[in-house]
Every structure is written in C-alpha cells, then in structure tokens.
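**Q** Structure file input34.cif (mmCIF, C-alpha atoms) is given on the next line.
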```cif
data_start
loop_
_atom_site.label_atom_id
_atom_site.label_comp_id
_atom_site.auth_asym_id
_atom_site.auth_seq_id
_atom_site.Cartn_x
_atom_site.Cartn_y
_atom_site.Cartn_z
CA MET A 1 160.22 60.60 103.15
CA LYS A 2 160.96 64.17 104.18
CA THR A 3 159.31 67.13 102.54
CA THR A 4 161.77 69.89 101.66
CA GLN A 5 161.07 73.62 102.15
CA LYS A 6 160.99 73.99 98.37
CA GLN A 7 158.32 71.27 97.99
CA ALA A 8 156.22 72.79 100.80
CA THR A 9 156.33 76.19 99.12
CA PHE A 10 155.28 74.61 95.80
CA PHE A 11 152.29 72.89 97.44
CA THR A 12 151.26 76.14 99.15
CA TYR A 13 151.28 78.07 95.84
CA ARG A 14 149.31 75.28 94.18
CA ILE A 15 146.56 75.38 96.86
CA VAL A 16 146.32 79.19 96.61
CA ALA A 17 146.06 78.95 92.82
CA LEU A 18 143.27 76.38 93.08
CA VAL A 19 141.32 78.57 95.51
CA LEU A 20 141.68 81.63 93.29
CA PHE A 21 140.68 79.65 90.19
CA SER A 22 137.58 78.30 91.96
CA SER A 23 136.59 81.80 93.06
CA PHE A 24 136.93 83.24 89.56
CA THR A 25 134.96 80.29 88.16
CA LEU A 26 132.09 80.80 90.61
CA TYR A 27 131.90 84.52 89.91
CA GLY A 28 132.10 83.94 86.18
CA CYS A 29 129.18 81.47 86.23
CA GLU A 30 126.79 83.83 87.99
CA THR A 31 123.57 83.97 85.93
CA VAL A 32 120.39 85.96 86.55
CA ILE A 33 117.30 83.80 86.00
CA ASP A 34 113.95 85.48 85.41
CA ALA A 35 111.18 83.20 86.65
CA ASP A 36 108.26 83.13 84.22
CA LEU A 37 105.41 81.96 86.43
CA ASP A 38 101.91 81.28 85.19
CA GLU A 39 99.67 83.98 86.68
CA GLY A 40 96.43 82.04 86.53
CA PRO A 41 92.99 83.64 86.80
CA ALA A 42 92.37 86.23 89.50
CA GLN A 43 90.21 85.07 92.40
CA LEU A 44 87.94 86.94 94.75
CA SER A 45 89.56 87.51 98.14
CA VAL A 46 87.26 88.16 101.12
CA ASP A 47 88.31 89.84 104.37
CA ALA A 48 85.10 89.78 106.42
CA TRP A 49 85.27 90.33 110.18
CA ILE A 50 82.09 91.48 111.93
CA THR A 51 81.80 92.13 115.66
CA ASP A 52 79.32 92.88 118.43
CA GLN A 53 80.74 96.38 118.84
CA PRO A 54 78.55 99.45 118.15
CA GLY A 55 78.95 101.39 114.93
CA GLU A 56 79.93 100.74 111.34
CA GLN A 57 80.96 97.28 110.12
CA ARG A 58 83.21 96.80 107.07
CA ILE A 59 84.03 93.98 104.65
CA ARG A 60 86.89 94.23 102.17
CA LEU A 61 86.81 92.54 98.76
CA THR A 62 89.86 92.41 96.49
CA GLN A 63 91.20 90.33 93.63
CA THR A 64 94.20 88.07 94.10
CA SER A 65 97.47 89.26 92.53
CA PRO A 66 100.27 87.43 90.69
CA TYR A 67 102.86 85.81 92.99
CA LEU A 68 105.64 88.32 92.29
CA GLN A 69 103.46 91.46 92.34
CA ASN A 70 104.20 93.71 95.32
CA GLY A 71 101.64 96.47 94.74
CA GLU A 72 98.27 97.02 96.36
CA ALA A 73 95.61 94.42 95.63
CA THR A 74 92.99 95.41 93.07
CA PRO A 75 89.64 96.27 94.72
CA ALA A 76 86.73 94.01 93.79
CA THR A 77 84.04 96.58 93.04
CA GLY A 78 80.46 96.18 91.86
CA ALA A 79 79.65 93.26 94.15
CA LEU A 80 76.41 92.67 96.04
CA VAL A 81 77.21 91.97 99.69
CA GLY A 82 74.88 91.12 102.54
CA ILE A 83 74.68 89.31 105.88
CA ARG A 84 71.70 87.43 107.31
CA ASP A 85 71.49 86.52 111.00
CA SER A 86 69.82 83.45 112.50
CA LYS A 87 66.62 85.45 113.14
CA GLY A 88 66.29 86.32 109.45
CA ARG A 89 67.43 89.96 109.66
CA ILE A 90 69.27 91.22 106.58
CA TYR A 91 72.18 93.68 106.69
CA GLU A 92 73.16 95.17 103.34
CA PHE A 93 76.76 96.29 102.77
CA THR A 94 77.50 98.92 100.12
CA ASP A 95 80.64 100.36 98.52
CA PRO A 96 79.85 104.03 97.74
CA ASP A 97 83.53 104.97 97.23
CA LYS A 98 84.19 102.08 94.80
CA ASP A 99 87.33 101.10 96.73
CA GLY A 100 86.42 97.53 97.65
CA TYR A 101 85.40 98.43 101.22
CA TYR A 102 81.75 97.48 101.74
CA SER A 103 80.13 98.92 104.86
CA TRP A 104 76.96 98.71 106.91
CA LYS A 105 75.99 101.64 109.13
CA PRO A 106 73.50 101.31 112.00
CA ALA A 107 70.54 103.62 112.48
CA THR A 108 72.12 104.90 115.72
CA SER A 109 75.71 105.00 116.89
CA ARG A 110 74.93 102.56 119.72
CA ASP A 111 73.30 99.90 117.54
CA THR A 112 75.18 96.66 116.92
CA LEU A 113 75.08 94.08 114.16
CA GLY A 114 76.61 91.16 116.03
CA ARG A 115 75.10 89.38 119.03
CA ILE A 116 76.68 86.53 120.98
CA GLY A 117 75.11 83.15 120.28
CA GLU A 118 73.79 83.97 116.82
CA THR A 119 75.01 82.55 113.51
CA TYR A 120 75.65 84.89 110.59
CA THR A 121 75.62 83.99 106.90
CA LEU A 122 77.62 86.09 104.45
CA GLY A 123 76.52 86.27 100.83
CA VAL A 124 78.57 87.81 98.01
CA GLN A 125 77.59 88.07 94.35
CA TYR A 126 80.51 89.05 92.12
CA GLN A 127 81.10 88.78 88.38
CA GLY A 128 78.30 86.25 87.94
CA GLU A 129 79.48 84.04 90.82
CA GLN A 130 77.71 83.57 94.16
CA TYR A 131 79.67 82.93 97.33
CA ILE A 132 78.48 82.03 100.81
CA SER A 133 79.98 81.53 104.27
CA ALA A 134 78.69 81.15 107.83
CA SER A 135 80.14 81.93 111.26
CA ARG A 136 78.78 81.73 114.81
CA MET A 137 79.52 84.57 117.24
CA ASN A 138 80.84 82.88 120.36
CA ARG A 139 81.29 84.14 123.91
CA VAL A 140 84.35 86.00 125.16
CA PRO A 141 85.52 86.95 128.68
CA GLU A 142 86.28 90.42 129.96
CA ILE A 143 89.87 91.61 130.36
CA ASP A 144 90.27 92.05 134.11
CA SER A 145 93.38 94.23 134.18
CA LEU A 146 96.31 95.61 132.17
CA PHE A 147 99.52 96.78 133.84
CA PHE A 148 103.25 97.30 133.21
CA THR A 149 106.59 96.40 134.81
CA GLU A 150 109.96 97.97 134.01
CA GLU A 151 112.32 95.39 132.52
CA LYS A 152 115.62 95.21 130.65
CA ILE A 153 115.05 94.99 126.90
CA ASN A 154 117.47 92.04 126.90
CA PRO A 155 119.78 90.52 129.55
CA LEU A 156 122.89 92.04 127.94
CA SER A 157 121.57 95.61 127.79
CA ASP A 158 121.21 98.31 130.41
CA LYS A 159 118.37 99.85 128.41
CA THR A 160 114.93 99.29 129.92
CA GLY A 161 111.35 99.45 128.73
CA PHE A 162 107.93 98.67 130.11
CA GLN A 163 106.55 95.18 129.63
CA ALA A 164 102.76 94.92 129.43
CA GLU A 165 100.71 92.09 130.89
CA PHE A 166 96.96 91.56 130.89
CA TYR A 167 94.72 89.26 132.90
CA ALA A 168 91.68 87.43 131.54
CA LYS A 169 89.98 84.23 132.67
CA ASP A 170 88.61 81.62 130.29
CA ILE A 171 84.87 80.93 130.60
CA PRO A 172 84.53 77.35 131.92
CA GLY A 173 82.42 74.53 130.57
CA ALA A 174 83.33 74.28 126.87
CA ALA A 175 86.21 74.66 124.44
CA ASP A 176 86.72 78.32 123.61
CA TYR A 177 88.86 79.86 120.90
CA TYR A 178 90.20 83.43 120.96
CA ARG A 179 92.46 85.81 119.14
CA VAL A 180 94.46 88.55 120.91
CA LYS A 181 95.27 91.85 119.17
CA PHE A 182 97.15 94.79 120.64
CA PHE A 183 97.73 98.39 119.65
CA ARG A 184 100.53 100.82 120.54
CA ASN A 185 99.43 104.46 120.45
CA GLY A 186 96.54 103.44 118.20
CA GLN A 187 98.74 101.45 115.79
CA LEU A 188 98.00 97.74 115.38
CA GLN A 189 101.12 95.66 116.08
CA ASN A 190 101.28 93.32 113.12
CA ARG A 191 104.45 91.23 113.09
CA PRO A 192 104.01 87.51 112.35
CA ASN A 193 104.54 86.75 116.05
CA ASP A 194 101.75 89.17 116.91
CA LEU A 195 99.19 86.79 115.41
CA ILE A 196 98.19 85.36 118.80
CA THR A 197 95.66 82.54 119.09
CA VAL A 198 94.34 81.02 122.32
CA TYR A 199 92.60 77.75 123.14
CA ASP A 200 90.75 78.11 126.48
CA ALA A 201 93.54 79.68 128.58
CA GLY A 202 96.51 78.13 126.74
CA PHE A 203 97.89 77.59 123.27
CA ASN A 204 96.20 74.26 122.49
CA ALA A 205 94.01 71.48 123.84
CA ASN A 206 96.94 69.68 125.51
CA GLY A 207 97.12 72.17 128.37
CA ASP A 208 93.80 71.34 130.12
CA THR A 209 93.26 75.05 130.88
CA ASP A 210 89.44 75.26 130.75
CA GLY A 211 88.19 77.94 133.15
CA LEU A 212 91.67 79.13 134.20
CA PHE A 213 93.41 82.49 133.92
CA PHE A 214 95.35 82.81 130.66
CA ILE A 215 98.85 81.38 131.02
CA ARG A 216 101.71 83.84 131.42
CA PRO A 217 103.21 83.59 127.89
CA ILE A 218 99.84 84.67 126.50
CA ARG A 219 99.39 87.41 129.10
CA GLN A 220 102.78 88.84 128.10
CA SER A 221 102.44 88.29 124.35
CA ILE A 222 101.19 91.86 123.85
CA ASN A 223 104.63 93.50 123.73
CA PRO A 224 106.62 95.05 120.87
CA GLU A 225 110.21 94.01 120.34
CA GLU A 226 111.68 96.73 122.59
CA PHE A 227 108.75 97.02 125.03
CA TYR A 228 106.80 100.23 125.65
CA ALA A 229 108.00 103.70 126.59
CA ARG A 230 106.63 105.88 129.32
CA ASN A 231 103.34 107.59 128.32
CA ASP A 232 102.62 105.07 125.55
CA THR A 233 98.96 104.06 125.27
CA VAL A 234 98.26 100.33 124.95
CA ARG A 235 94.96 98.75 123.94
CA VAL A 236 94.37 95.00 124.10
CA GLU A 237 91.50 93.28 122.31
CA LEU A 238 90.30 89.77 123.11
CA GLN A 239 88.18 88.35 120.29
CA SER A 240 86.13 85.17 120.17
CA ILE A 241 86.65 83.05 117.05
CA THR A 242 85.35 79.75 115.72
CA PRO A 243 87.45 76.54 115.70
CA GLU A 244 87.79 76.89 111.91
CA ALA A 245 89.16 80.44 112.31
CA PHE A 246 91.56 79.24 115.03
CA PHE A 247 93.16 76.71 112.66
CA PHE A 248 93.05 79.22 109.79
CA PHE A 249 95.19 81.66 111.79
CA ILE A 250 97.61 78.93 112.84
CA GLU A 251 98.12 77.94 109.20
CA LEU A 252 98.38 81.60 108.16
CA ARG A 253 101.13 82.20 110.72
CA THR A 254 102.91 79.05 109.56
CA GLN A 255 102.93 80.22 105.94
CA ILE A 256 104.01 83.77 106.82
CA THR A 257 107.01 82.50 108.81
CA ASN A 258 107.82 79.62 106.46
CA GLY A 259 111.39 80.18 105.31
CA GLY A 260 115.01 79.24 105.79
CA LEU A 261 116.94 76.08 105.06
CA PHE A 262 114.27 73.72 106.38
CA ALA A 263 111.20 75.52 104.96
CA SER A 264 108.35 73.35 103.78
CA PRO A 265 106.75 73.86 100.34
CA PRO A 266 104.26 76.78 100.34
CA ALA A 267 100.62 75.78 100.67
CA ASN A 268 97.31 77.52 100.22
CA VAL A 269 95.72 78.71 103.45
CA PRO A 270 92.22 77.20 103.79
CA SER A 271 89.18 79.39 103.25
CA ASN A 272 85.59 79.16 104.51
CA ILE A 273 84.28 81.12 101.50
CA ARG A 274 82.38 78.69 99.26
CA ASN A 275 81.10 79.12 95.71
CA LEU A 276 77.49 77.93 95.42
CA SER A 277 78.41 76.36 92.08
CA ALA A 278 80.68 73.32 92.25
CA THR A 279 82.20 74.33 88.91
CA GLY A 280 82.52 78.04 89.67
CA LYS A 281 85.61 80.05 90.55
CA ALA A 282 87.04 79.45 94.01
CA ALA A 283 87.58 82.33 96.45
CA THR A 284 90.17 83.01 99.15
CA GLY A 285 89.93 84.69 102.53
CA PHE A 286 87.83 84.12 105.61
CA PHE A 287 84.62 85.23 107.32
CA VAL A 288 84.54 85.58 111.12
CA ALA A 289 81.80 86.75 113.48
CA SER A 290 83.55 87.83 116.67
CA ALA A 291 82.59 89.16 120.08
CA VAL A 292 85.21 91.63 121.31
CA ARG A 293 86.25 92.83 124.75
CA SER A 294 89.04 95.37 125.19
CA ARG A 295 91.02 97.26 127.77
CA THR A 296 93.22 100.34 127.41
CA ALA A 297 95.96 101.58 129.73
CA ARG A 298 98.69 104.20 129.60
CA VAL A 299 102.25 103.70 130.79
CA VAL A 300 102.05 106.05 133.76
CA GLN A 301 103.03 105.58 137.39
CA GLY A 302 99.60 104.42 138.50
CA ASN A 303 99.71 101.50 136.03
CA ILE A 304 103.33 100.47 136.71
CA LYS A 305 103.65 97.51 139.06
CA ASN A 306 106.65 97.07 141.35
CA LYS A 307 108.45 93.74 140.99
#
```
Have the structure of the file written as structure tokens, please.
**A**
Amino acid sequence: MKTTQKQATFFTYRIVALVLFSSFTLYGCETVIDADLDEGPAQLSVDAWITDQPGEQRIRLTQTSPYLQNGEATPATGALVGIRDSKGRIYEFTDPDKDGYYSWKPATSRDTLGRIGETYTLGVQYQGEQYISASRMNRVPEIDSLFFTEEKINPLSDKTGFQAEFYAKDIPGAADYYRVKFFRNGQLQNRPNDLITVYDAGFNANGDTDGLFFIRPIRQSINPEEFYARNDTVRVELQSITPEAFFFFIELRTQITNGGLFASPPANVPSNIRNLSATGKAATGFFVASAVRSRTARVVQGNIKNK
C-alpha cells in the first residue's frame, strides 16, 4: 500500500509533536532534591609525615568535616603529641599558635629527628582518647640527575615546552617502596595524577625491577600538563615509605579519581592511626617516617639535553 504525500506530512507533524511534548514533560518534571545526610560524630584526622631532613618537623591535627562541607577543616587543638624512637628518645610536638600544626624544633638547624633504620612511634592524646601509630624509616637512593628536553605539548600543537626527566636507581636486595613529589618554582604539583608511588624501580611487584634504574614512565612523571617553561625551577623529591603507606596512597588516588559512569561506591581510605581503646573513637589519616633525597634544576641551556 502506497503512502500519500498527505499521510507522510501527517506522520511528520505527529513525530515532531511527540518530541516537543516529551521535551516539555522532562523540563516540567525537573525537581531539586536537597540531600539530608547524617553528619555523624567528628573524628580526629592525623597528617603526620616526619623525615630525616634537618630542621623543624610538623604534624597537623584536624577534625573531620561533614560530607558536603567545602570549607577548611577545623583544627584539633589542645592535644598532647609526641614521638618516641627505637632508642627511647622522646620528641615533644607543641602547637603554640593553636592552629592544629604541632611542631618540634631541633637544638641546632643541622639536627635531625629521623634516622634511616629506626622505628618511630607516634602518640596523640586528644579529648580523652589516646591514639598510637608506628612507622619504620626505610632507605632511599640518591637522585643521580635531572634534565630537560624540548617537546611538543601534544602531537597536534606547534607549541613546545620542556619535559623533565630524572634518574635514580633502586637499591638492590629487598623490596623498596617510594613516593615521588615534584615542585615547580617552589609550588608542589598536586593533581591526582601527581600522586606517584614506586615499587623498586617500577609501579608494582610484577615488573621484577629490583636494583634497576627507575623505568621511563616514572622518570618522566614529574611534569605538569603543559610541561615547563624556560627558567622554571624544578625540584624532585624521592621519599622512602612503608608497604602500608604504599597501599594507602594507591587507595587514596583511587578514591580521588573515582567518578564517571562506571565509578565504584566510595570507600574509606585505610588508616594506621589506632585508638588504644577498642571502644574509643576511631581516627583517620596516616603516619609516615620517610627518608628524603632531592635534586633541583633550572630550565637553562646547560640542563637542556639534545634529542
């Protein structure tokens, strides 16, 4: 049976009408829903990272905030904070400014708190609760070199920048865990992808990289999105971490980047801060004792390598 021009026109108008009706219906049903989430009790959050570098050491204590709160975390003031090393030495941290930053200052500017091979125990007493955590300061290799090559920012662009690359060699004979941090003109680069963890000289135990130079993706992981500009100053830090801290940072990165259509349900990132009382309030955060080696270079002709 043939369809006449008149019938075709009728069907066309009907389809357009249905589309318009559906659009108006969808717009008309738009409803704003205010989520009323249970806030729950605030918890102590510990950001404790001590190193073998000379000078002041700092520990930050805050209180956890409600899920939808975007402001600064509330400082946890009035706590008693101290660290004991494996030789029994006690280091007291104080908060004179009442801002949640607890610090220890050495007798001289060259004195250090952390020493490779020792285990450190953190103790925190806060609001009637006592918390404890321990971390061993492991070995870390030197950074041999840091240089730059001029590269296109992307294959489709004529714009160029300077790509940084560093060389370091894993210490052979045992599993080692590291974190890489990098700074551009003194500013820590802190995108989710800048949370760089290393197992021996690779990303995980599957690579069999014990005692090797770090693989190239790690060596070149110290770059901002559009590379560096001439005369920029770049500092790279290589930090030893414990196996527990290694998996903590992997889970932290997973949760930070967890989104999109196939996102998994949010999960709490594990903590190594333990309440001495089994029935006491739990805490969040992590304590790490880290040996640090660094190297700084400027994007000048002497540090630019020809391809």
**Q** Specify as a PyMOL selection string each residue included when the PyMOL selection byres ((chain A and resi 42-56) around 9) is applied to this file.
**A** chain A and resi 39-41+57-66+76+103-106+108-116+122+126+137+239+273+281-293
**Q** If you apply the PyMOL selection byres ((chain A and resi 143) around 6) to this file, what residues do you get, as number ranges by chain?
**A** A: 142, 144-145, 167-168
**Q** In Å, how far is it from CA of Val299 in chain A to CA of Ser221 in chain A?
**A**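 These two atoms are separated by 16.7 Å.
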**Q** For a quick check of understanding, using all atoms listed in the file, which of A:Thr77, A:Ser264, A:Thr160, A:Asn306 has the smallest distance to Gln127 in chain A?
**A**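 Smallest separation from Gln127 in chain A among the options: A:Thr77.
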**Q** Might you spell out which residues the PyMOL selection byres ((chain A and resi 217) around 12) would select in the displayed file, as a list of chain:residue names?
**A**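 On this input, the PyMOL selection byres ((chain A and resi 217) around 12) captures A:Ala164, A:Glu165, A:Phe166, A:Tyr167, A:Ile196, A:Thr197, A:Val198, A:Ala201, A:Gly202, A:Phe203, A:Phe213, A:Phe214, A:Ile215, A:Arg216, A:Ile218, A:Arg219, A:Gln220, A:Ser221, A:Ile222, A:Asn223.
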**Q** With only C-alpha atoms as the basis for distance, which of A:Asn204, A:Thr279, A:Ser133, A:Thr149 is at the shortest distance from Pro243 in chain A?
**A**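 Residue with the minimum atom-to-atom distance to Pro243 in chain A: A:Asn204.
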**Q** Write out as a list of chain:residue names each polymer residue whose atoms come within 8 Å of Val234 in chain A, counting all atoms listed in the file; drop sequence neighbours fewer than 4 positions from it.
**A**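 Contacts, with the query itself left out: A:Phe182, A:Phe183, A:Arg184, A:Asn185, A:Gly186, A:Thr296, A:Ala297, A:Arg298, A:Val299.
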**Q** Which residue, A:Asp232, A:Asp200, A:Asp194, A:Glu72, has the smallest gap to Gln163 in chain A when you use only C-alpha atoms?
**A**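 Going through A:Asp232, A:Asp200, A:Asp194, A:Glu72 one by one, the smallest distance to Gln163 in chain A is for A:Asp232.
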**Q** Would you work out the distance separating CA of Gly117 in chain A from CA of Gly211 in chain A, expressed in Å to one decimal?
**A** 19.1 Å
**Q** Is it possible to add N, CA, C and O atoms to range 232-243 of chain A and hand it back as a CSV table (one decimal), in the frame of the given file?
**A**
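Output saved as selection_38.csv:
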```
chain,number,residue,atom,x,y,z
A,232,ASP,N,103.3,105.8,126.6
A,232,ASP,CA,102.6,105.1,125.6
A,232,ASP,C,101.2,104.7,126.0
A,232,ASP,O,101.0,104.4,127.2
A,233,THR,N,100.3,104.6,125.0
A,233,THR,CA,99.0,104.1,125.3
A,233,THR,C,98.8,102.7,124.6
A,233,THR,O,99.2,102.5,123.5
A,234,VAL,N,98.4,101.7,125.4
A,234,VAL,CA,98.3,100.3,125.0
A,234,VAL,C,96.8,99.9,125.0
A,234,VAL,O,96.1,100.1,126.1
A,235,ARG,N,96.3,99.3,123.9
A,235,ARG,CA,95.0,98.8,123.9
A,235,ARG,C,95.1,97.3,123.6
A,235,ARG,O,95.7,96.9,122.6
A,236,VAL,N,94.4,96.4,124.3
A,236,VAL,CA,94.4,95.0,124.1
A,236,VAL,C,92.9,94.6,123.7
A,236,VAL,O,92.0,95.0,124.4
A,237,GLU,N,92.8,93.8,122.7
A,237,GLU,CA,91.5,93.3,122.3
A,237,GLU,C,91.5,91.8,122.4
A,237,GLU,O,92.5,91.1,122.0
A,238,LEU,N,90.5,91.2,123.0
A,238,LEU,CA,90.3,89.8,123.1
A,238,LEU,C,89.1,89.4,122.3
A,238,LEU,O,88.0,90.0,122.6
A,239,GLN,N,89.2,88.6,121.3
A,239,GLN,CA,88.2,88.4,120.3
A,239,GLN,C,87.8,86.9,120.3
A,239,GLN,O,88.7,86.0,120.2
A,240,SER,N,86.5,86.6,120.3
A,240,SER,CA,86.1,85.2,120.2
A,240,SER,C,86.2,84.8,118.7
A,240,SER,O,85.9,85.6,117.8
A,241,ILE,N,86.6,83.6,118.4
A,241,ILE,CA,86.6,83.0,117.0
A,241,ILE,C,86.1,81.6,117.0
A,241,ILE,O,86.0,81.0,118.1
A,242,THR,N,85.8,81.1,115.9
A,242,THR,CA,85.4,79.8,115.7
A,242,THR,C,86.6,78.8,115.7
A,242,THR,O,87.7,79.2,115.4
A,243,PRO,N,86.3,77.5,115.9
A,243,PRO,CA,87.4,76.5,115.7
A,243,PRO,C,88.1,76.6,114.3
A,243,PRO,O,89.3,76.5,114.2
```
